[in-house]
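Since the structure comes first, as structure tokens, the remarks are kept for the end.
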Amino acid sequence: MDRFVQAWVEGWVVSRGAAPPLDEPWGWTVDMGTGFEHATRHVLGETGEAVTEPTVRKIAGSVTGSGVWLKAFADPAVVGPWLGPGWWIDPEPGFLMTAALADTPPGAAPDGYRIRTWARGGVTRTMIAAPDGSLAARGQIAPTGATAVVDQIETAPAHRRRGLGALVMRTLHHAAAAQGARTGILGATPQGRALYESLGWRVESPLTSAKFTGAART
């Protein structure tokens, strides 16, 4: 299994409060139970050309319930045709990214903004409040030893292009490094990728996200 994928799974389940991942010959099954549209995830443990058509078809063909997701660290244009009927593929390609975590002070919030960071249940969260008290930006990180998974980075549309997303990331970097983590890992959208690359992150693999809707199987 790819070490970055394994570390991503280990940190992601902590970040989201999911059930411990179940080992599979091809990767992991993660039970979420957070809603009817997000019951379980199947995560393939390989990346790139090591993600094979027979494996994807076997996993996809075994799924019969809606709300089950498949995560494959390969190009959606490659993986998509292997899934078969009943699968919705996220039109936005994702990316598995990594970075060295620098233990340096993150800096202060812009004038009028307030930043607060706290930890609960192994997850460190950061929020930035706007001058009017509304939520301007947020994010969280789950250290699991030498690696830490960054998750749910968001900036409100009205507060973008003010450096808030970068401040959240630097704050999380610093917090995880202080706990002994040395490598950060995350799953990025195309929009997030630009922010992360500006902070020294690099792409390790493309990511396909697909959900079984059951619409084509009766």
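Identifiers for the structure tokens are assigned positionally: chains receive A, B, ... in sequence, residues are indexed from 1 per chain, and ligands are indexed from 1 in the order shown.
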Quiz item: Which parts of range 55-191 of chain A does DSSP call strand (DSSP E) when run on the backbone here, written out as number ranges by chain?
Solution: A: 68-73, 87-89, 94-100, 114-120, 123-129, 135-144, 147-155, 183-188
Please tabulate, as a tab-separated table, the residues of range 161-205 of chain A that come within 6 Å of range 96-108 of chain A, each with its closest pair of atoms and the distance in Å to one decimal, counting only C-alpha atoms and ordering rows by chain, then residue number upward.
```
residue	atom	partner	partner_atom	distance
A:Arg170	CA	A:Pro106	CA	4.9
A:Thr171	CA	A:Pro106	CA	5.1
A:His173	CA	A:Leu101	CA	5.4
A:His174	CA	A:Asp103	CA	4.9
A:Ala177	CA	A:Asp103	CA	5.3
A:Arg182	CA	A:Leu101	CA	5.2
A:Thr183	CA	A:Ala100	CA	4.7
A:Gly184	CA	A:Ala99	CA	5.1
A:Ile185	CA	A:Thr98	CA	4.5
A:Leu186	CA	A:Met97	CA	5.4
A:Gly187	CA	A:Leu96	CA	4.8
A:Trp201	CA	A:Ala99	CA	4.6
A:Arg202	CA	A:Met97	CA	5.3
A:Val203	CA	A:Met97	CA	4.4
A:Glu204	CA	A:Met97	CA	5.4
A:Ser205	CA	A:Leu96	CA	5.2
```
Practice problem: Write out as number ranges by chain the residues lying within 9 Å of Gly122 in chain A, counting only C-alpha atoms and excluding same-chain residues fewer than 6 positions away. | Solution: A: 14-15, 141-144
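Around Ala176 in chain A, within 7 Å and counting only C-alpha atoms, the residues found are Pro143, Ala148, Leu172, Gly180 and Ala181 of chain A, once anything fewer than 4 positions away on its own chain is removed.
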Exercise. Extract the full set of alpha helix (DSSP H) residues from chain A according to DSSP on the backbone, and format it as a ChimeraX atom specification.
Key: /A:3-16,53-62,76-83,164-178,190-198
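In this model, the gap between CA of Arg16 in chain A and CA of Ala210 in chain A comes to 18.6 Å.
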Self-check item: Surrounding residues of Lys211 in chain A excluding itself and chain neighbours under 3 positions, 8 Å, only C-alpha atoms, as an NGL selection string
Solution: :A and (66-70 or 87-89)
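The nearest approach to Arg41 in chain A among the residues A:Lys71, A:Arg3, A:Arg160, A:Arg57, with only C-alpha atoms taken into account, belongs to A:Lys71.
In this comparison, which uses only C-alpha atoms, the residue of A:Thr29, A:Asp2, A:Arg114, A:Ala166 approaching Glu197 in chain A most closely is A:Ala166.
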Tell me which protein, DNA and RNA residues are within 12 Å of Ala130 in chain A, counting only C-alpha atoms, leaving out same-chain ones fewer than 4 positions away, and put them as a PDB file with N, CA and C atoms, in the first residue's frame.
```pdb
ATOM      1  N   ALA A 109      -3.717  37.494  12.887  1.00  0.00           N
ATOM      2  CA  ALA A 109      -4.865  37.735  12.014  1.00  0.00           C
ATOM      3  C   ALA A 109      -4.883  39.200  11.578  1.00  0.00           C
ATOM      4  N   PRO A 110      -5.475  39.508  10.422  1.00  0.00           N
ATOM      5  CA  PRO A 110      -5.591  40.903   9.973  1.00  0.00           C
ATOM      6  C   PRO A 110      -6.383  41.736  10.986  1.00  0.00           C
ATOM      7  N   ASP A 111      -6.209  43.018  10.912  1.00  0.00           N
ATOM      8  CA  ASP A 111      -6.919  43.922  11.819  1.00  0.00           C
ATOM      9  C   ASP A 111      -8.422  43.664  11.782  1.00  0.00           C
ATOM     10  N   GLY A 112      -9.022  43.554  12.957  1.00  0.00           N
ATOM     11  CA  GLY A 112     -10.457  43.350  13.063  1.00  0.00           C
ATOM     12  C   GLY A 112     -10.874  41.892  13.113  1.00  0.00           C
ATOM     13  N   TYR A 113     -10.005  40.993  12.684  1.00  0.00           N
ATOM     14  CA  TYR A 113     -10.307  39.562  12.706  1.00  0.00           C
ATOM     15  C   TYR A 113      -9.768  38.939  13.996  1.00  0.00           C
ATOM     16  N   ARG A 114     -10.387  37.849  14.398  1.00  0.00           N
ATOM     17  CA  ARG A 114      -9.972  37.150  15.612  1.00  0.00           C
ATOM     18  C   ARG A 114      -9.759  35.673  15.295  1.00  0.00           C
ATOM     19  N   ILE A 115      -8.621  35.114  15.711  1.00  0.00           N
ATOM     20  CA  ILE A 115      -8.319  33.706  15.452  1.00  0.00           C
ATOM     21  C   ILE A 115      -8.282  32.943  16.762  1.00  0.00           C
ATOM     22  N   ARG A 116      -8.823  31.741  16.741  1.00  0.00           N
ATOM     23  CA  ARG A 116      -8.793  30.887  17.922  1.00  0.00           C
ATOM     24  C   ARG A 116      -8.510  29.459  17.487  1.00  0.00           C
ATOM     25  N   SER A 134     -19.030  36.884  12.482  1.00  0.00           N
ATOM     26  CA  SER A 134     -19.350  35.725  11.641  1.00  0.00           C
ATOM     27  C   SER A 134     -18.090  34.920  11.341  1.00  0.00           C
ATOM     28  N   LEU A 135     -18.294  33.692  10.893  1.00  0.00           N
ATOM     29  CA  LEU A 135     -17.164  32.820  10.571  1.00  0.00           C
ATOM     30  C   LEU A 135     -16.562  33.221   9.232  1.00  0.00           C
ATOM     31  N   ALA A 136     -15.285  33.560   9.242  1.00  0.00           N
ATOM     32  CA  ALA A 136     -14.596  33.970   8.017  1.00  0.00           C
ATOM     33  C   ALA A 136     -13.802  32.828   7.397  1.00  0.00           C
ATOM     34  N   ALA A 137     -13.175  31.998   8.226  1.00  0.00           N
ATOM     35  CA  ALA A 137     -12.362  30.885   7.712  1.00  0.00           C
ATOM     36  C   ALA A 137     -12.191  29.859   8.817  1.00  0.00           C
ATOM     37  N   ARG A 138     -11.935  28.621   8.399  1.00  0.00           N
ATOM     38  CA  ARG A 138     -11.764  27.551   9.372  1.00  0.00           C
ATOM     39  C   ARG A 138     -10.967  26.414   8.749  1.00  0.00           C
ATOM     40  N   THR A 155     -12.936  29.088   3.451  1.00  0.00           N
ATOM     41  CA  THR A 155     -12.965  30.534   3.646  1.00  0.00           C
ATOM     42  C   THR A 155     -14.269  31.053   3.063  1.00  0.00           C
ATOM     43  N   ALA A 156     -14.993  31.845   3.837  1.00  0.00           N
ATOM     44  CA  ALA A 156     -16.256  32.403   3.362  1.00  0.00           C
ATOM     45  C   ALA A 156     -16.008  33.290   2.146  1.00  0.00           C
ATOM     46  N   ALA A 158     -17.058  36.092   1.121  1.00  0.00           N
ATOM     47  CA  ALA A 158     -16.887  37.530   1.379  1.00  0.00           C
ATOM     48  C   ALA A 158     -15.540  37.874   1.987  1.00  0.00           C
ATOM     49  N   HIS A 159     -14.783  36.849   2.404  1.00  0.00           N
ATOM     50  CA  HIS A 159     -13.512  37.120   3.092  1.00  0.00           C
ATOM     51  C   HIS A 159     -12.311  36.503   2.374  1.00  0.00           C
ATOM     52  N   ARG A 160     -12.499  36.132   1.119  1.00  0.00           N
ATOM     53  CA  ARG A 160     -11.394  35.544   0.366  1.00  0.00           C
ATOM     54  C   ARG A 160     -10.427  36.618  -0.121  1.00  0.00           C
ATOM     55  N   ARG A 162      -7.723  37.575   1.314  1.00  0.00           N
ATOM     56  CA  ARG A 162      -7.201  38.383   2.415  1.00  0.00           C
ATOM     57  C   ARG A 162      -6.149  37.626   3.215  1.00  0.00           C
ATOM     58  N   LEU A 164      -6.550  34.715   4.665  1.00  0.00           N
ATOM     59  CA  LEU A 164      -7.093  33.968   5.790  1.00  0.00           C
ATOM     60  C   LEU A 164      -6.879  32.460   5.647  1.00  0.00           C
TER      61      LEU A 164
END
```
For Leu207 in chain A, work out the shell of residues within 6 Å, counting only C-alpha atoms and skipping chain neighbours fewer than 3 positions away, then give it as an mmCIF file with N, CA, C and O atoms, in the first residue's frame.
```cif
data_model
loop_
_atom_site.group_PDB
_atom_site.id
_atom_site.type_symbol
_atom_site.label_atom_id
_atom_site.label_comp_id
_atom_site.auth_asym_id
_atom_site.auth_seq_id
_atom_site.Cartn_x
_atom_site.Cartn_y
_atom_site.Cartn_z
ATOM 1 N N ALA A 72 -10.274 6.503 -5.324
ATOM 2 C CA ALA A 72 -9.160 5.884 -6.040
ATOM 3 C C ALA A 72 -8.156 6.966 -6.415
ATOM 4 O O ALA A 72 -8.538 7.983 -7.014
ATOM 5 N N PHE A 73 -6.917 6.752 -6.086
ATOM 6 C CA PHE A 73 -5.887 7.761 -6.339
ATOM 7 C C PHE A 73 -5.302 7.578 -7.734
ATOM 8 O O PHE A 73 -4.158 7.155 -7.928
ATOM 9 N N ALA A 74 -6.167 7.926 -8.694
ATOM 10 C CA ALA A 74 -5.824 7.866 -10.110
ATOM 11 C C ALA A 74 -6.734 8.838 -10.838
ATOM 12 O O ALA A 74 -7.720 9.324 -10.282
ATOM 13 N N GLY A 94 -9.748 15.479 -7.824
ATOM 14 C CA GLY A 94 -9.067 15.780 -6.568
ATOM 15 C C GLY A 94 -7.589 15.484 -6.672
ATOM 16 O O GLY A 94 -7.101 14.952 -7.683
ATOM 17 N N PHE A 95 -6.865 15.794 -5.601
ATOM 18 C CA PHE A 95 -5.425 15.590 -5.582
ATOM 19 C C PHE A 95 -4.977 15.185 -4.187
ATOM 20 O O PHE A 95 -5.407 15.780 -3.195
#
```
Quiz item: When distances are computed from only C-alpha atoms, which of A:Gly33, A:Pro76, A:Gly61, A:Gly17 shows the smallest separation from Gly48 in chain A?
Solution: A:Pro76
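Take the candidates A:Gly165, A:Ala39, A:Ser62, A:Gln140 and check each one against Ala194 in chain A using only C-alpha atoms; the shortest distance goes to A:Gly165.
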Quiz item: Which of these residues is nearest to Gly80 in chain A, using only C-alpha atoms: A:Met32, A:Glu53, A:Glu46, A:Gly11?
Solution: A:Glu53
